[in-house]
Structures are given as structure tokens and as C-alpha cells.
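The next block is my_file24.csv, given as CSV, C-alpha atoms and all ligand atoms.
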```csv
chain,number,residue,atom,x,y,z
I,1,MET,CA,-8.4,24.6,3.4
I,2,ASN,CA,-12.1,24.9,3.7
I,3,ILE,CA,-14.4,21.9,3.8
I,4,PHE,CA,-15.7,22.4,0.3
I,5,ASN,CA,-12.2,22.4,-1.2
I,6,TYR,CA,-11.2,19.4,1.0
I,7,ILE,CA,-14.2,17.4,-0.3
I,8,ILE,CA,-13.4,18.4,-4.0
I,9,ILE,CA,-9.8,17.3,-3.5
I,10,ASN,CA,-10.9,14.0,-2.0
I,11,ILE,CA,-13.2,13.3,-4.9
I,12,ILE,CA,-10.7,14.2,-7.6
I,13,GLU,CA,-7.9,12.3,-6.0
I,14,THR,CA,-10.0,9.3,-5.3
I,15,LEU,CA,-11.0,9.1,-9.0
I,16,LEU,CA,-7.3,9.4,-9.9
I,17,ARG,CA,-5.9,7.4,-7.0
I,18,MET,CA,-3.8,5.2,-9.2
I,19,PHE,CA,-1.7,8.2,-10.4
I,20,PRO,CA,0.8,10.2,-8.5
I,21,PHE,CA,-0.5,13.6,-7.2
I,22,PRO,CA,2.4,15.6,-5.9
I,23,CYS,CA,2.3,18.7,-3.7
I,24,LYS,CA,5.2,20.9,-2.7
I,25,PRO,CA,7.7,19.2,-0.4
I,26,GLY,CA,9.0,21.3,2.6
I,27,LEU,CA,8.0,22.4,6.1
I,28,ILE,CA,4.6,23.5,7.2
I,29,LYS,CA,3.8,25.1,10.6
I,30,ILE,CA,0.6,23.9,12.1
I,31,GLY,CA,-1.0,26.3,14.7
I,32,ASN,CA,1.6,28.2,16.8
I,33,PRO,CA,4.4,25.7,17.3
I,34,ASP,CA,7.4,26.3,19.6
I,35,GLN,CA,10.7,24.5,20.1
I,36,ASN,CA,9.0,21.7,22.1
I,37,SER,CA,6.3,21.1,19.6
I,38,PRO,CA,6.0,17.7,17.9
I,39,VAL,CA,7.3,17.1,14.4
I,40,PHE,CA,5.5,14.9,11.9
I,41,LEU,CA,6.8,13.8,8.5
I,42,THR,CA,4.9,12.4,5.6
I,43,CYS,CA,5.2,12.0,1.8
I,44,ASN,CA,4.1,14.5,-0.8
I,45,PHE,CA,1.0,12.6,-2.0
I,46,ARG,CA,-1.4,15.5,-1.9
I,47,LEU,CA,-4.4,13.6,-0.5
I,48,THR,CA,-2.3,12.3,2.3
I,49,VAL,CA,-0.9,15.8,3.1
I,50,GLU,CA,-4.4,17.3,3.2
I,51,ARG,CA,-5.6,14.4,5.5
I,52,VAL,CA,-2.7,14.8,7.8
I,53,LYS,CA,-3.2,18.5,8.0
I,54,ARG,CA,-6.8,18.0,8.8
I,55,ALA,CA,-6.0,15.5,11.5
I,56,LEU,CA,-3.5,18.0,13.0
I,57,ARG,CA,-6.1,20.8,13.3
I,58,GLY,CA,-6.0,22.3,16.8
I,59,ILE,CA,-2.5,21.0,17.4
I,60,ASP,CA,0.6,23.1,17.4
I,61,GLY,CA,3.4,21.3,15.5
I,62,TYR,CA,5.5,21.0,12.4
I,63,LEU,CA,4.7,18.9,9.4
I,64,LEU,CA,7.6,17.9,7.1
I,65,ILE,CA,6.7,16.8,3.6
I,66,ALA,CA,9.3,14.6,1.9
I,67,ASN,CA,9.4,14.3,-1.9
I,68,SER,CA,8.0,10.9,-2.8
I,69,ARG,CA,7.2,12.0,-6.3
I,70,GLY,CA,3.5,12.4,-5.3
I,71,ILE,CA,3.1,8.7,-4.5
I,72,ASN,CA,1.3,7.6,-1.4
I,73,VAL,CA,3.2,6.4,1.7
I,74,TRP,CA,2.9,2.7,1.4
I,75,CYS,CA,3.5,2.4,-2.3
I,76,ALA,CA,6.3,5.0,-2.2
I,77,ALA,CA,8.0,3.2,0.8
I,78,THR,CA,7.7,-0.3,-0.8
I,79,GLY,CA,8.8,1.0,-4.2
I,80,GLY,CA,11.9,3.0,-3.1
I,81,HIS,CA,10.4,6.5,-3.5
I,82,PHE,CA,10.1,7.3,0.2
I,83,SER,CA,13.4,6.1,1.7
I,84,ASN,CA,16.1,6.8,4.2
I,85,HIS,CA,17.5,9.3,1.6
I,86,HIS,CA,14.3,11.3,1.4
I,87,VAL,CA,13.8,11.4,5.2
I,88,ILE,CA,17.4,12.5,5.8
I,89,SER,CA,17.2,15.1,3.1
I,90,ILE,CA,14.1,16.8,4.4
I,91,LEU,CA,15.3,16.7,8.0
I,92,LYS,CA,18.6,18.3,7.0
I,93,THR,CA,17.4,20.9,4.5
I,94,SER,CA,14.0,22.0,5.8
I,95,GLY,CA,15.4,24.1,8.7
I,96,ILE,CA,13.5,22.0,11.3
I,97,GLU,CA,16.7,21.5,13.3
I,98,LYS,CA,16.8,25.2,14.2
I,99,LEU,CA,13.1,25.3,15.2
I,100,VAL,CA,12.9,22.6,17.8
I,101,ALA,CA,15.0,21.6,20.8
I,102,HIS,CA,14.2,17.9,20.5
I,103,ARG,CA,15.1,15.3,17.9
I,104,LYS,CA,11.9,13.2,17.6
I,105,VAL,CA,9.9,12.8,14.5
I,106,THR,CA,6.7,10.9,13.9
I,107,LEU,CA,6.4,9.0,10.6
I,108,PRO,CA,3.5,7.0,9.2
I,109,GLN,CA,3.9,3.4,10.2
I,110,LEU,CA,3.5,2.2,6.7
I,111,ALA,CA,6.7,3.8,5.7
I,112,ALA,CA,8.6,1.3,7.9
I,113,SER,CA,9.1,-1.1,5.0
I,114,GLY,CA,11.3,1.4,3.2
I,115,ILE,CA,12.9,3.5,5.9
I,116,GLU,CA,15.2,2.2,8.7
I,117,ALA,CA,14.9,4.0,12.0
I,118,LYS,CA,18.3,2.9,13.1
I,119,THR,CA,20.0,4.4,10.0
I,120,ILE,CA,18.1,7.7,10.4
I,121,LYS,CA,19.2,7.9,14.0
I,122,ASN,CA,22.8,7.2,13.2
I,123,LYS,CA,23.0,9.6,10.3
I,124,THR,CA,20.9,12.5,11.7
I,125,GLY,CA,20.4,12.0,15.5
I,126,TRP,CA,16.6,12.0,14.9
I,127,GLU,CA,14.6,9.3,16.6
I,128,ILE,CA,11.7,8.0,14.6
I,129,ILE,CA,8.4,7.3,16.3
I,130,TRP,CA,6.1,5.1,14.2
I,131,GLY,CA,2.8,6.9,14.1
I,132,PRO,CA,-0.6,5.3,13.2
I,133,VAL,CA,-1.5,3.7,9.9
I,134,TYR,CA,-4.3,6.2,9.2
I,135,ALA,CA,-4.1,10.0,9.6
I,136,LYS,CA,-7.5,10.1,11.3
I,137,ASP,CA,-5.9,8.4,14.3
I,138,ILE,CA,-3.3,11.0,14.8
I,139,PRO,CA,-5.2,13.1,17.4
I,140,ARG,CA,-5.9,10.0,19.6
I,141,PHE,CA,-2.3,8.9,19.1
I,142,ILE,CA,-1.1,12.3,20.5
I,143,THR,CA,-3.4,12.3,23.5
I,144,ASN,CA,-2.3,8.7,24.1
I,145,ASN,CA,1.2,10.0,24.7
I,146,PHE,CA,2.4,9.0,21.2
I,147,GLN,CA,1.5,5.4,21.8
I,148,LYS,CA,-0.5,3.4,19.3
I,149,THR,CA,-3.4,1.2,20.3
I,150,LEU,CA,-3.8,-2.1,18.5
I,151,PRO,CA,-6.4,-0.8,15.9
I,152,MET,CA,-4.1,2.2,15.1
I,153,ARG,CA,-1.4,-0.3,13.9
I,154,GLU,CA,-3.5,-2.6,11.8
I,155,VAL,CA,-4.3,-2.3,8.1
I,156,GLU,CA,-7.9,-3.2,7.7
I,157,PHE,CA,-9.8,-3.0,4.5
I,158,PRO,CA,-13.2,-1.6,5.6
I,159,LEU,CA,-16.1,-0.7,3.3
I,160,PRO,CA,-15.2,3.0,2.8
I,161,GLN,CA,-11.7,2.0,1.6
I,162,ARG,CA,-13.1,-0.7,-0.6
I,163,ILE,CA,-15.4,1.8,-2.2
I,164,GLU,CA,-12.5,4.2,-2.7
I,165,MET,CA,-10.5,1.5,-4.4
I,166,ALA,CA,-13.5,0.4,-6.6
I,167,VAL,CA,-13.8,4.1,-7.8
I,168,ALA,CA,-10.0,4.3,-8.3
I,169,TRP,CA,-10.2,1.3,-10.5
I,170,ALA,CA,-13.4,2.0,-12.4
I,171,PHE,CA,-12.7,5.6,-13.3
I,172,PRO,CA,-9.5,5.4,-15.3
I,173,ILE,CA,-10.5,2.2,-17.0
I,174,SER,CA,-13.9,3.8,-18.0
I,175,VAL,CA,-12.1,6.9,-19.3
I,176,VAL,CA,-9.6,5.0,-21.4
I,177,SER,CA,-12.2,2.5,-22.7
I,178,SER,CA,-14.6,5.4,-23.6
I,179,LEU,CA,-11.9,7.3,-25.5
I,180,ILE,CA,-11.1,4.1,-27.5
I,181,MET,CA,-14.8,3.5,-28.2
I,182,ILE,CA,-15.9,7.0,-29.2
I,183,PRO,CA,-14.8,6.7,-32.9
I,184,PHE,CA,-16.1,3.2,-33.4
I,185,TRP,CA,-19.0,2.3,-31.1
I,186,PRO,CA,-20.2,5.5,-29.4
I,187,LYS,CA,-23.7,4.0,-28.6
I,188,ASP,CA,-22.2,1.2,-26.5
I,189,ILE,CA,-20.1,3.4,-24.2
I,190,LEU,CA,-22.7,3.7,-21.5
I,191,SER,CA,-23.2,0.0,-21.4
I,192,LEU,CA,-19.5,-0.8,-21.1
I,193,VAL,CA,-18.9,1.9,-18.5
I,194,SER,CA,-21.8,0.5,-16.5
I,195,ILE,CA,-20.3,-3.0,-16.6
I,196,ILE,CA,-16.9,-1.6,-15.5
I,197,TRP,CA,-18.3,0.2,-12.5
I,198,LEU,CA,-20.6,-2.7,-11.6
I,199,LEU,CA,-17.8,-5.3,-11.7
I,200,SER,CA,-15.3,-3.0,-9.8
I,201,PHE,CA,-17.8,-2.5,-7.0
I,202,LEU,CA,-18.7,-6.2,-7.0
I,203,ILE,CA,-15.1,-7.2,-6.7
I,204,PHE,CA,-14.3,-4.8,-3.8
I,205,ILE,CA,-17.5,-4.9,-1.9
I,206,SER,CA,-17.6,-8.7,-1.9
I,207,PHE,CA,-13.9,-8.8,-0.9
I,208,PRO,CA,-14.6,-10.1,2.7
I,209,ILE,CA,-16.5,-13.1,1.2
I,210,TYR,CA,-13.6,-14.4,-0.8
I,211,GLN,CA,-10.6,-12.9,1.1
I,212,HIS,CA,-10.0,-16.1,3.1
I,213,LEU,CA,-9.3,-18.0,-0.1
I,214,LEU,CA,-6.7,-15.4,-1.2
I,215,SER,CA,-4.8,-15.5,2.1
I,216,SER,CA,-4.0,-19.2,1.8
I,217,LYS,CA,-0.3,-19.6,2.2
I,218,GLY,CA,1.8,-22.1,0.3
I,219,LYS,CA,-1.0,-22.8,-2.3
I,220,ARG,CA,-1.2,-21.6,-5.8
I,221,ILE,CA,-4.6,-20.1,-6.0
I,222,GLY,CA,-4.3,-19.0,-9.6
I,223,PHE,CA,-6.9,-19.9,-12.1
I,224,ILE,CA,-9.0,-16.9,-12.8
I,225,PHE,CA,-6.9,-14.7,-10.6
I,226,PHE,CA,-3.6,-15.2,-12.4
I,227,ASP,CA,-1.3,-12.3,-12.4
I,228,PHE,CA,-1.8,-10.4,-15.7
I,229,GLY,CA,1.9,-9.8,-16.3
I,230,ARG,CA,3.2,-13.3,-15.9
I,231,GLY,CA,0.3,-15.7,-16.0
I,232,GLY,CA,-0.9,-15.4,-19.6
I,233,PHE,CA,-4.1,-17.2,-18.6
I,234,GLN,CA,-6.2,-14.2,-19.4
I,235,PHE,CA,-4.9,-14.2,-23.0
I,236,ILE,CA,-5.8,-17.8,-23.4
I,237,LEU,CA,-9.3,-17.2,-22.0
I,238,TRP,CA,-9.6,-14.2,-24.3
I,239,ALA,CA,-8.4,-16.2,-27.4
I,240,VAL,CA,-10.9,-18.9,-26.6
I,241,PHE,CA,-13.7,-16.4,-26.4
I,242,ILE,CA,-12.7,-14.8,-29.8
I,243,PHE,CA,-12.4,-18.3,-31.3
I,244,ILE,CA,-15.9,-19.2,-30.2
I,245,LEU,CA,-17.2,-15.8,-31.4
I,246,THR,CA,-15.7,-16.3,-34.8
I,247,PHE,CA,-16.8,-19.9,-35.1
I,248,TYR,CA,-20.3,-18.9,-34.2
I,249,GLN,CA,-20.4,-16.2,-36.9
I,250,LEU,CA,-18.8,-18.4,-39.6
I,251,SER,CA,-21.3,-21.3,-38.9
I,252,TYR,CA,-24.1,-18.9,-39.5
I,253,GLY,CA,-22.4,-17.4,-42.6
I,254,ASN,CA,-22.5,-13.8,-41.3
I,255,PHE,CA,-18.9,-13.0,-40.2
I,256,SER,CA,-18.2,-9.3,-39.5
I,257,TRP,CA,-14.9,-7.8,-38.6
I,258,GLY,CA,-16.7,-4.9,-36.8
I,259,PHE,CA,-18.7,-7.3,-34.6
I,260,THR,CA,-15.6,-9.4,-33.8
I,261,PHE,CA,-13.5,-6.3,-32.9
I,262,HIS,CA,-16.3,-4.9,-30.8
I,263,TRP,CA,-16.8,-8.0,-28.7
I,264,SER,CA,-13.1,-8.7,-28.5
I,265,PHE,CA,-12.5,-5.2,-27.0
I,266,ILE,CA,-15.4,-5.5,-24.5
I,267,SER,CA,-14.3,-9.0,-23.4
I,268,LEU,CA,-10.7,-7.8,-23.0
I,269,ILE,CA,-11.8,-5.0,-20.6
I,270,ILE,CA,-14.0,-7.4,-18.6
I,271,ILE,CA,-11.2,-10.0,-18.4
I,272,LEU,CA,-8.7,-7.2,-17.3
I,273,ILE,CA,-11.0,-6.0,-14.5
I,274,LEU,CA,-11.6,-9.5,-13.2
I,275,SER,CA,-7.9,-10.4,-13.3
I,276,ILE,CA,-6.0,-7.3,-12.2
I,277,ASP,CA,-3.9,-8.2,-9.2
I,278,LEU,CA,-5.1,-6.6,-6.0
I,279,MET,CA,-1.6,-6.2,-4.7
I,280,GLY,CA,-1.2,-2.6,-3.6
I,281,SER,CA,-5.0,-2.1,-3.5
I,282,THR,CA,-5.6,-4.4,-0.6
I,283,PRO,CA,-3.7,-5.9,2.3
I,284,LEU,CA,-4.1,-9.3,0.7
I,285,TYR,CA,-2.9,-10.7,-2.6
I,286,LYS,CA,-5.0,-12.0,-5.4
I,287,SER,CA,-2.5,-13.9,-7.4
I,288,SER,CA,0.1,-16.3,-6.2
I,289,LEU,CA,2.8,-16.2,-8.7
I,290,HIS,CA,5.3,-14.1,-6.7
I,291,GLU,CA,7.7,-16.3,-4.8
I,292,ASP,CA,8.0,-13.8,-2.0
I,293,ARG,CA,4.4,-14.3,-1.1
I,294,LEU,CA,5.2,-17.7,0.2
I,295,LEU,CA,8.0,-16.5,2.6
I,296,ARG,CA,7.5,-17.0,6.3
I,297,VAL,CA,8.8,-14.6,9.0
I,298,ILE,CA,10.8,-16.6,11.5
I,299,LEU,CA,11.5,-15.3,15.0
I,300,ASP,CA,14.9,-16.2,16.5
I,301,ARG,CA,14.1,-16.3,20.3
I,302,GLU,CA,17.8,-16.4,21.2
I,303,LYS,CA,18.4,-13.0,19.6
I,304,CYS,CA,15.1,-11.3,20.5
I,305,LYS,CA,15.2,-8.8,23.4
I,306,GLY,CA,11.5,-8.2,23.5
I,307,ILE,CA,11.6,-4.5,22.9
I,308,GLY,CA,8.8,-4.6,20.4
I,309,PHE,CA,9.8,-2.5,17.4
I,310,CYS,CA,8.4,-5.3,15.2
I,311,GLU,CA,5.0,-4.9,16.9
I,312,GLN,CA,5.1,-1.2,16.3
I,313,VAL,CA,5.5,-1.5,12.6
I,314,CYS,CA,3.6,-4.7,11.7
I,315,PRO,CA,0.5,-3.7,9.7
I,316,ARG,CA,-1.1,-7.1,10.4
I,317,ASN,CA,-0.5,-7.3,14.1
I,318,CYS,CA,1.4,-10.5,13.8
I,319,PHE,CA,3.4,-9.9,17.1
I,320,LYS,CA,2.6,-10.0,20.7
I,321,ILE,CA,5.0,-8.6,23.2
I,322,ASP,CA,5.0,-9.5,26.9
I,323,LYS,CA,6.9,-6.4,28.1
I,324,SER,CA,7.2,-7.5,31.7
I,325,ARG,CA,9.0,-10.7,30.7
I,326,GLN,CA,10.5,-9.2,27.5
I,327,ILE,CA,9.1,-12.1,25.4
I,328,THR,CA,7.9,-11.8,21.9
I,329,THR,CA,5.7,-14.3,20.2
I,330,MET,CA,3.9,-14.6,16.8
I,331,PRO,CA,0.6,-16.2,18.1
I,332,SER,CA,-0.6,-17.1,14.6
I,333,GLY,CA,2.8,-17.6,13.0
I,334,SER,CA,2.9,-16.0,9.5
I,335,VAL,CA,-0.7,-16.7,8.6
I,336,ARG,CA,-1.6,-13.0,8.6
I,337,CYS,CA,1.7,-11.8,7.3
I,338,ILE,CA,1.9,-10.0,4.0
I,339,GLN,CA,5.7,-10.2,3.6
I,340,CYS,CA,6.1,-6.4,3.8
I,341,GLY,CA,9.5,-6.9,5.6
I,342,ALA,CA,9.0,-4.0,7.9
I,343,CYS,CA,9.6,-6.0,11.1
I,344,ILE,CA,12.8,-7.5,9.7
I,345,ILE,CA,14.1,-4.1,8.6
I,346,GLN,CA,13.4,-2.5,12.0
I,347,CYS,CA,14.6,-5.2,14.4
I,348,PRO,CA,17.9,-3.9,15.8
I,349,PHE,CA,19.0,-7.3,16.9
I,350,ASP,CA,18.4,-9.1,13.6
I,351,ALA,CA,16.1,-11.5,15.4
I,352,LEU,CA,13.8,-11.9,12.4
I,353,TYR,CA,14.3,-13.3,9.0
I,354,PHE,CA,12.4,-14.8,6.1
I,355,GLU,CA,12.4,-18.5,5.3
I,356,SER,CA,11.3,-19.8,1.9
I,357,PRO,CA,9.1,-22.9,1.5
I,358,LYS,CA,12.2,-24.9,0.6
I,359,GLY,CA,13.8,-23.8,3.9
I,360,ASP,CA,16.2,-21.2,2.4
I,361,ILE,CA,17.0,-18.4,4.8
I,362,ILE,CA,16.9,-14.8,3.7
I,363,SER,CA,18.9,-12.8,6.2
I,364,PRO,CA,17.9,-9.4,7.6
I,365,ASP,CA,21.0,-7.9,5.7
I,366,THR,CA,19.7,-9.2,2.4
I,367,ILE,CA,16.2,-7.9,3.1
I,368,ARG,CA,17.6,-4.5,4.0
I,369,LYS,CA,19.8,-4.4,0.9
I,370,TYR,CA,16.8,-5.2,-1.2
I,371,LYS,CA,14.0,-3.3,0.4
I,372,LEU,CA,15.9,-0.1,1.3
I,373,ASN,CA,17.6,0.3,-2.0
I,374,LEU,CA,14.8,-0.1,-4.5
I,375,VAL,CA,15.2,3.4,-5.9
I,376,GLY,CA,11.9,3.3,-7.7
I,377,LYS,CA,12.0,-0.4,-8.7
I,378,ARG,CA,9.6,-2.8,-7.1
I,379,VAL,CA,11.2,-5.9,-8.5
S,1,LIG,S1,12.0,-9.4,17.2
S,1,LIG,FE1,13.4,-7.7,17.2
S,1,LIG,S2,12.1,-5.9,17.2
S,1,LIG,FE2,10.8,-7.7,17.8
S,1,LIG,S3,10.8,-7.7,20.0
S,1,LIG,FE3,12.5,-9.1,19.3
S,1,LIG,S4,14.3,-7.8,19.2
S,1,LIG,FE4,12.6,-6.4,19.3
S,2,LIG,S1,5.2,-10.0,10.2
S,2,LIG,FE1,4.8,-9.9,8.0
S,2,LIG,S2,3.2,-8.3,7.8
S,2,LIG,FE2,4.1,-8.1,9.9
S,2,LIG,S3,5.8,-6.6,9.6
S,2,LIG,FE3,6.7,-8.6,9.4
S,2,LIG,S4,6.7,-9.0,7.2
S,2,LIG,FE4,5.2,-7.3,7.6
```

Go ahead and express the file in the form of C-alpha cells.
Ligand code: SF4
Ligand code: SF4
Amino acid sequence: MNIFNYIIINIIETLLRMFPFPCKPGLIKIGNPDQNSPVFLTCNFRLTVERVKRALRGIDGYLLIANSRGINVWCAATGGHFSNHHVISILKTSGIEKLVAHRKVTLPQLAASGIEAKTIKNKTGWEIIWGPVYAKDIPRFITNNFQKTLPMREVEFPLPQRIEMAVAWAFPISVVSSLIMIPFWPKDILSLVSIIWLLSFLIFISFPIYQHLLSSKGKRIGFIFFDFGRGGFQFILWAVFIFILTFYQLSYGNFSWGFTFHWSFISLIIILILSIDLMGSTPLYKSSLHEDRLLRVILDREKCKGIGFCEQVCPRNCFKIDKSRQITTMPSGSVRCIQCGACIIQCPFDALYFESPKGDIISPDTIRKYKLNLVGKRV
């Protein structure tokens, strides 16, 4: 794909980032691969595939594209759309086993919360290497002998990504709001769209300023950041606004349904933008109503063998491995943890588990049963 088409695809798919964008699953040859060439596997979210293909330019290898229904790697893996089943299926049906003499496949690290390396190995004989979080790091990962450096493992939320997410929020909300407004208040569309874009950019660009408040563990942060689905706080806020609006009009004796609907709609959009949960858009959480966000990862030192699979898959770099002494530690405990469960799923010795604030233990088996069998359901 030439650079012009690549840029166009990046723009379109950033604007529509919240929606699945599938491309054809299957096997792609990159360069002139032979039987010893590396094999990479990713999901069929089109933007991801294009970015991986771009990162692999100049490398001879194979790229397997599993059917995640066009959803990106992390969302698909945590939602059951990119699972053991999908990986086994593409490994067995793509013909890759006849093309290479080895059985090693590199997967994106963020798939580790929905795919278990041990199961894939047992069922197919293929060994999973957890590649970097971002496709752009693939060339350095390869030259580093398929080893990740610390930055390659960590999910950051740098400015370019925050801008991407602001656009991904603002665009669909602007389109839907404009379509609703066209028949009633066409003159106000520009003002509302400007507010939507301004607020979206403000929320994401100022994220580093307020993120430390959102990462507090064990506290209910709530208030204006309540989860829209469960909290109901926004509806109360909205109702209060409509009440004041109506009261104000009635007191001056000039009540108008049109004026009331107009401002009710605009205020609803503003409240929605301010209160949408950042989960899935950022490595942190905005609301605190989900119990699993309060879980702590516990390391059982008796069972741990210090081999470091947990370190390889943790997107928050919570683990430190002393390979010479085969000792694993979690230097800052669970403070940075986002409860993705990847470390627990991948630990072959069941040395990690979740503990609830009340002290209940959630065993690795339970986590695996839940996380690996979501089949499209997040809850
Ligand atoms: S916790 Fe598990 S995966 Fe991590 S080093 Fe120990 S044994 Fe290995
Ligand atoms: S420590 Fe937390 S963030 Fe890291 S892999 Fe485990 S559950 Fe995920």
C-alpha cells in the first residue's frame, strides 16, 4: 500500500475507531519468506493489519490474520473475539504449517488477556512469543532477537494516542448529534459540534493532569465520573438542569417547548461526553463502580519459579524478574495494575491470583474460565 492510501486509511479508521473495521483473515507473505522465516499473527482490525504490514517492510516473513470480527487486539482479546479458538483455527487452516519448519509464532502482547499460550502449545504444538504492544516496535523487537525491552511492553498513553482517541470520540458523536439537529436547529449544529470537539480534546489532552486521581485504588472516585450505564448520576444532573431551565422560563412567563428541548438535547450531549467511561480508551479507569477494578494481584512466592511470563505480558510493567536468582517481585504491588488478568492467565505454575478488598481469593482457574470464555461478552 502506498503512503497516500496508508494515510487515508489511518484518517478514516481513526475517525471511526470505535467501530469494527474488518479485513480478510488469512495468510499474507511479506517479502520472500522461506521455511525458517518468522511467523506473526494479529487480528483482522484493518488499521492494525496495515500498521503491522508497514512495520514488517523489509522483513521476510509470514503474517497470519485471525478473524476478530474487525475489532482491535486488546478489545477483541478482552471481549472474547480474539481467543484460543481463533488462534488455533488460523494456525490449522491457513496452510502455515506446510510453509515453515519451526513452530514459533509472535502474537501482540495485548492479546495475552484472552489467549493462553500453554493451551495453544498443547493443542497445536506452536509456541507463542509475546511481541511488543505497538506494531512500530516490531523491527527493533526482531533485531533484538525477539526480546522486548521495557518500553516495548508498557502501555503508555502519549499525546498522539490521546489525540487519536479524542478524534475517535468527537467524530461519531458529532455526526449523530448533527443528524438529530438538522430538522430542528440547523443553525446551531456548528456551535454544538465545536463544543463536542473542544470538550473531547480537553478531556484527553489534560489526561496526565488528572490521571493520578483516577488510578486511586480502593476508593470510589465517582461523582462527575460515574459510569453512565450504572450510576444514573448523569440523569439526575440532567433532570436538575431541565428543572432549572423550566423554572427560569415559567418565572418569566415565556415557557417554550422548542427552547426546552433544544437545551435539554445540548446539555445531554455535554453530560454524555463528560461522563463516558474511559475504560477501553485509556490504560486507566474513569469510574469506579466495577468491583473488579478493586482487585489486587497477589504473587505466591512458594509457587513462583521466576521464569517471567508475567513480566512478558504485563502492560503496566508491574513485575521485576531477577533471572539469575529466579526471583519475581512486584515492586509497587498492584498500584499500577489495571486488572487485565494477563499475568494470571499466562503463569504456568498458578503463582498469581486476584484478591478482593474483602480478602476473597479468585483462583487462576476461575480467572481463566472467565477471561478465556467470554465469547463476545465482556461482563
Ligand atoms: S509469577 Fe508465574 S509467570 Fe511470573 S515468574 Fe513466577 S512462575 Fe513465572
Ligand atoms: S499485574 Fe495487573 S496489569 Fe499486569 S498483567 Fe497482571 S493483571 Fe494485568

Nearby polymer residues, ligand LIG 1 (chain S), at most 6 Å, only C-alpha atoms and all ligand atoms, as an NGL selection string: :I and (304-310 or 328 or 347 or 349 or 351-352)

Please produce, as a Markdown table, a per-residue contact table for chain I versus ligand LIG 2 (chain S) (criterion: any atom at most 7 Å away, only C-alpha atoms and all ligand atoms considered), showing the nearest atom pair and its distance in Å to one decimal, sorted by chain then residue number.
```
| residue | atom | partner | partner_atom | distance |
| --- | --- | --- | --- | --- |
| I:Val297 | CA | S:LIG2 | S1 | 6.0 |
| I:Cys310 | CA | S:LIG2 | S3 | 6.3 |
| I:Val313 | CA | S:LIG2 | S3 | 5.9 |
| I:Cys314 | CA | S:LIG2 | S3 | 3.6 |
| I:Pro315 | CA | S:LIG2 | S2 | 5.7 |
| I:Arg316 | CA | S:LIG2 | S2 | 5.2 |
| I:Asn317 | CA | S:LIG2 | FE2 | 6.3 |
| I:Cys318 | CA | S:LIG2 | S1 | 5.3 |
| I:Ser334 | CA | S:LIG2 | S1 | 6.5 |
| I:Arg336 | CA | S:LIG2 | S2 | 6.8 |
| I:Cys337 | CA | S:LIG2 | FE1 | 3.7 |
| I:Ile338 | CA | S:LIG2 | S2 | 4.4 |
| I:Gln339 | CA | S:LIG2 | S4 | 3.9 |
| I:Cys340 | CA | S:LIG2 | FE4 | 4.0 |
| I:Gly341 | CA | S:LIG2 | S4 | 3.8 |
| I:Ala342 | CA | S:LIG2 | S3 | 4.5 |
| I:Cys343 | CA | S:LIG2 | S3 | 4.1 |
| I:Ile344 | CA | S:LIG2 | FE3 | 6.2 |
```

Residues within 7 Å of (8.3, 14.8, 13.2), counting only C-alpha atoms, listed as a list in words: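 Applying the cut-off with only C-alpha atoms, one gets Pro38, Val39, Phe40, Leu41, Tyr62, Leu63, Leu64, Lys104, Val105, Thr106 and Leu107 of chain I.
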
Minimum-distance residue to I:Ile273, chosen among I:Pro172, I:Gly258, I:Gly61, I:Pro186 (using only C-alpha atoms):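 Comparing I:Pro172, I:Gly258, I:Gly61, I:Pro186 against I:Ile273, the winner is I:Pro172.
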
Å distance separating atom CA of I:Leu15 from atom CA of I:Ala168, one decimal place: 5.0 Å

Just want the 9 Å neighbourhood of I:Ile345, counted on only C-alpha atoms, with same-chain residues fewer than 2 positions away dropped. Output as an mmCIF file with C-alpha atoms, keeping the file's coordinate frame.
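Output below, filename out_27.cif:
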```
data_model
loop_
_atom_site.group_PDB
_atom_site.id
_atom_site.type_symbol
_atom_site.label_atom_id
_atom_site.label_comp_id
_atom_site.auth_asym_id
_atom_site.auth_seq_id
_atom_site.Cartn_x
_atom_site.Cartn_y
_atom_site.Cartn_z
ATOM 1 C CA ALA I 112 8.600 1.300 7.900
ATOM 2 C CA SER I 113 9.100 -1.100 5.000
ATOM 3 C CA GLY I 114 11.300 1.400 3.200
ATOM 4 C CA ILE I 115 12.900 3.500 5.900
ATOM 5 C CA GLU I 116 15.200 2.200 8.700
ATOM 6 C CA ALA I 117 14.900 4.000 12.000
ATOM 7 C CA CYS I 310 8.400 -5.300 15.200
ATOM 8 C CA GLY I 341 9.500 -6.900 5.600
ATOM 9 C CA ALA I 342 9.000 -4.000 7.900
ATOM 10 C CA CYS I 343 9.600 -6.000 11.100
ATOM 11 C CA CYS I 347 14.600 -5.200 14.400
ATOM 12 C CA PRO I 348 17.900 -3.900 15.800
ATOM 13 C CA ASP I 350 18.400 -9.100 13.600
ATOM 14 C CA LEU I 352 13.800 -11.900 12.400
ATOM 15 C CA PRO I 364 17.900 -9.400 7.600
ATOM 16 C CA ASP I 365 21.000 -7.900 5.700
ATOM 17 C CA ILE I 367 16.200 -7.900 3.100
ATOM 18 C CA ARG I 368 17.600 -4.500 4.000
ATOM 19 C CA LYS I 371 14.000 -3.300 0.400
ATOM 20 C CA LEU I 372 15.900 -0.100 1.300
#
```

Top pick for closest residue to I:Phe201, considering I:Gly80, I:Pro151, I:Pro183, I:Pro160 and counting all atoms listed in the file: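 Going through I:Gly80, I:Pro151, I:Pro183, I:Pro160 one by one, the smallest distance to I:Phe201 is for I:Pro160.
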
Spatial neighbours of stretch 174-177 of chain I, 8 Å, only C-alpha atoms, chain gap at least 3 places, as number ranges by chain: I: 170-171, 180-181, 192-193, 196-197, 269

Nearest to I:Val87 by atom-to-atom distance, counting all atoms listed in the file, from I:Trp257, I:Phe243, I:Phe235, I:Trp126: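 Smallest separation from I:Val87 among the options: I:Trp126.
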
Separation of atom CA of I:Phe241 from atom CA of I:Ile271 in Å: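 Distance between the two atoms: 10.5 Å.
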
Given all atoms listed in the file as the counted atoms, nearest of I:Tyr353, I:Asn2, I:Gly131, I:Ile321 to I:Lys303: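 Nearest candidate to I:Lys303 out of I:Tyr353, I:Asn2, I:Gly131, I:Ile321: I:Tyr353.
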
Close residues, I:Ser267 itself excluded, 9 Å, all atoms listed in the file, min 3 positions apart in chain, as a ChimeraX atom specification: /I:238,241-242,262-264,270-272

Interatomic distance (Å, one decimal) between atom CA of I:His102 and atom CA of I:Ser324: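 Between atom CA of I:His102 and atom CA of I:Ser324 the gap is 28.6 Å.
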
Residue among I:Pro108, I:Gly79, I:Phe204, I:Lys121 lying closest to I:Ala166, counting only C-alpha atoms: I:Phe204
